[in-house]
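Here is upload_23.txt, consisting of compact mmCIF, C-alpha atoms:
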# COMPACT_ATOMS: atom_id res chain seq x y z
CA MET A 1 -11.20 38.35 -69.69
CA SER A 2 -8.36 40.43 -68.37
CA ASP A 3 -4.63 39.72 -68.22
CA ARG A 4 -4.84 39.30 -64.46
CA PRO A 5 -4.88 35.75 -63.13
CA ALA A 6 -8.24 34.45 -62.00
CA ARG A 7 -8.79 34.84 -58.25
CA VAL A 8 -11.26 31.95 -58.10
CA THR A 9 -10.75 28.47 -59.51
CA LEU A 10 -13.44 25.81 -59.66
CA LEU A 11 -12.12 22.25 -59.77
CA GLY A 12 -14.74 19.86 -61.06
CA LYS A 13 -15.64 17.26 -63.66
CA PRO A 14 -18.22 16.89 -66.40
CA GLY A 15 -21.62 15.57 -65.34
CA CYS A 16 -21.20 16.69 -61.73
CA HIS A 17 -24.44 18.34 -60.54
CA LEU A 18 -22.71 19.84 -57.50
CA CYS A 19 -20.15 21.38 -59.87
CA ASP A 20 -23.00 22.91 -61.86
CA ASP A 21 -24.48 24.36 -58.66
CA ALA A 22 -21.10 25.71 -57.56
CA ARG A 23 -20.51 27.32 -60.96
CA VAL A 24 -23.78 29.29 -60.71
CA VAL A 25 -22.78 30.74 -57.32
CA ILE A 26 -19.20 31.46 -58.40
CA GLU A 27 -20.33 33.15 -61.63
CA ARG A 28 -22.75 35.36 -59.71
CA VAL A 29 -20.29 36.39 -56.99
CA THR A 30 -17.31 36.98 -59.28
CA ALA A 31 -19.44 39.06 -61.65
CA ASP A 32 -20.76 41.13 -58.73
CA VAL A 33 -17.32 41.85 -57.27
CA GLY A 34 -15.51 42.18 -60.60
CA VAL A 35 -12.98 39.36 -60.40
CA GLU A 36 -12.12 36.58 -62.81
CA PHE A 37 -12.72 32.89 -62.32
CA THR A 38 -11.54 29.83 -64.15
CA GLU A 39 -12.62 26.22 -64.18
CA ILE A 40 -10.44 23.11 -64.36
CA ASP A 41 -11.69 19.66 -65.30
CA ILE A 42 -9.80 17.33 -62.96
CA THR A 43 -10.39 14.36 -65.27
CA THR A 44 -7.80 15.81 -67.67
CA ASP A 45 -4.98 15.58 -65.12
CA ALA A 46 -4.21 12.40 -63.15
CA ALA A 47 -2.54 14.31 -60.28
CA LEU A 48 -5.52 16.64 -59.85
CA GLN A 49 -7.92 13.72 -60.06
CA GLU A 50 -5.98 11.81 -57.39
CA LYS A 51 -5.83 14.82 -55.06
CA TRP A 52 -9.35 16.23 -55.41
CA TRP A 53 -11.67 13.42 -56.58
CA ASP A 54 -13.46 12.95 -53.23
CA GLN A 55 -14.02 16.66 -52.65
CA ILE A 56 -15.25 18.09 -55.95
CA PRO A 57 -16.37 20.62 -56.59
CA VAL A 58 -13.51 22.42 -54.91
CA THR A 59 -13.30 26.20 -54.87
CA LEU A 60 -9.88 27.83 -54.63
CA VAL A 61 -9.43 31.52 -53.85
CA ASP A 62 -6.02 32.88 -54.79
CA GLY A 63 -4.81 29.27 -55.09
CA VAL A 64 -5.91 28.22 -51.59
CA GLN A 65 -8.76 25.79 -50.93
CA HIS A 66 -11.81 27.76 -49.85
CA ASP A 67 -14.78 25.36 -50.08
CA PHE A 68 -15.62 21.87 -51.27
CA TRP A 69 -18.90 20.15 -52.23
CA ARG A 70 -20.94 23.34 -51.78
CA VAL A 71 -20.06 27.01 -52.21
CA ASP A 72 -21.17 29.31 -49.43
CA GLU A 73 -22.05 32.47 -51.34
CA ALA A 74 -21.66 34.88 -48.40
CA ARG A 75 -18.33 33.34 -47.38
CA LEU A 76 -16.97 33.55 -50.96
CA ARG A 77 -18.14 37.14 -51.32
CA LYS A 78 -16.44 38.06 -48.03
CA ALA A 79 -13.18 36.37 -49.10
CA LEU A 80 -13.14 38.37 -52.32
CA THR A 81 -14.00 41.74 -50.82
CA ASP A 82 -11.97 41.79 -47.58
Whole structure, structure tokens version:
Amino acid sequence: MSDRPARVTLLGKPGCHLCDDARVVIERVTADVGVEFTEIDITTDAALQEKWWDQIPVTLVDGVQHDFWRVDEARLRKALTD
């Protein structure tokens, strides 16, 4: 990991199969384009849980919501390379 902040954040929760699917896509794309990603378990923070519960997994790019429920690989790749 580098000292740069992660460009992609995955908001999810344990036991979420859609989160697992999203993680696979995010790992592949971020590795290909050379950027960092981080993952946050929303069940550890009441405010995050309240805000995002109905939409997880949520993908943020540079802190802005990019996708929810499913990650569109081509769209994520474009967002990170444009």
Next item on the list: Taking (-10.9, 33.4, -57.2) in the file's own coordinates, collect the residues within 7 Å, counting only C-alpha atoms, and hand them back as a ChimeraX atom specification.
Entry: /A:6-9,36-37,60-62
Notebook entry, point to check: Suppose you want the space between CA of Glu73 in chain A and CA of Ile42 in chain A; what is it in Å?
Noted result: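 Distance reported for this atom pair: 22.7 Å.
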Margin query: Residues proximal to (-21.1, 31.8, -52.2) were defined as those with any atom within 12 Å of that point in the file's coordinates, counting only C-alpha atoms. Which are they, as a PyMOL selection string?
Written below: chain A and resi 8+21-30+32-33+59+61+66-80
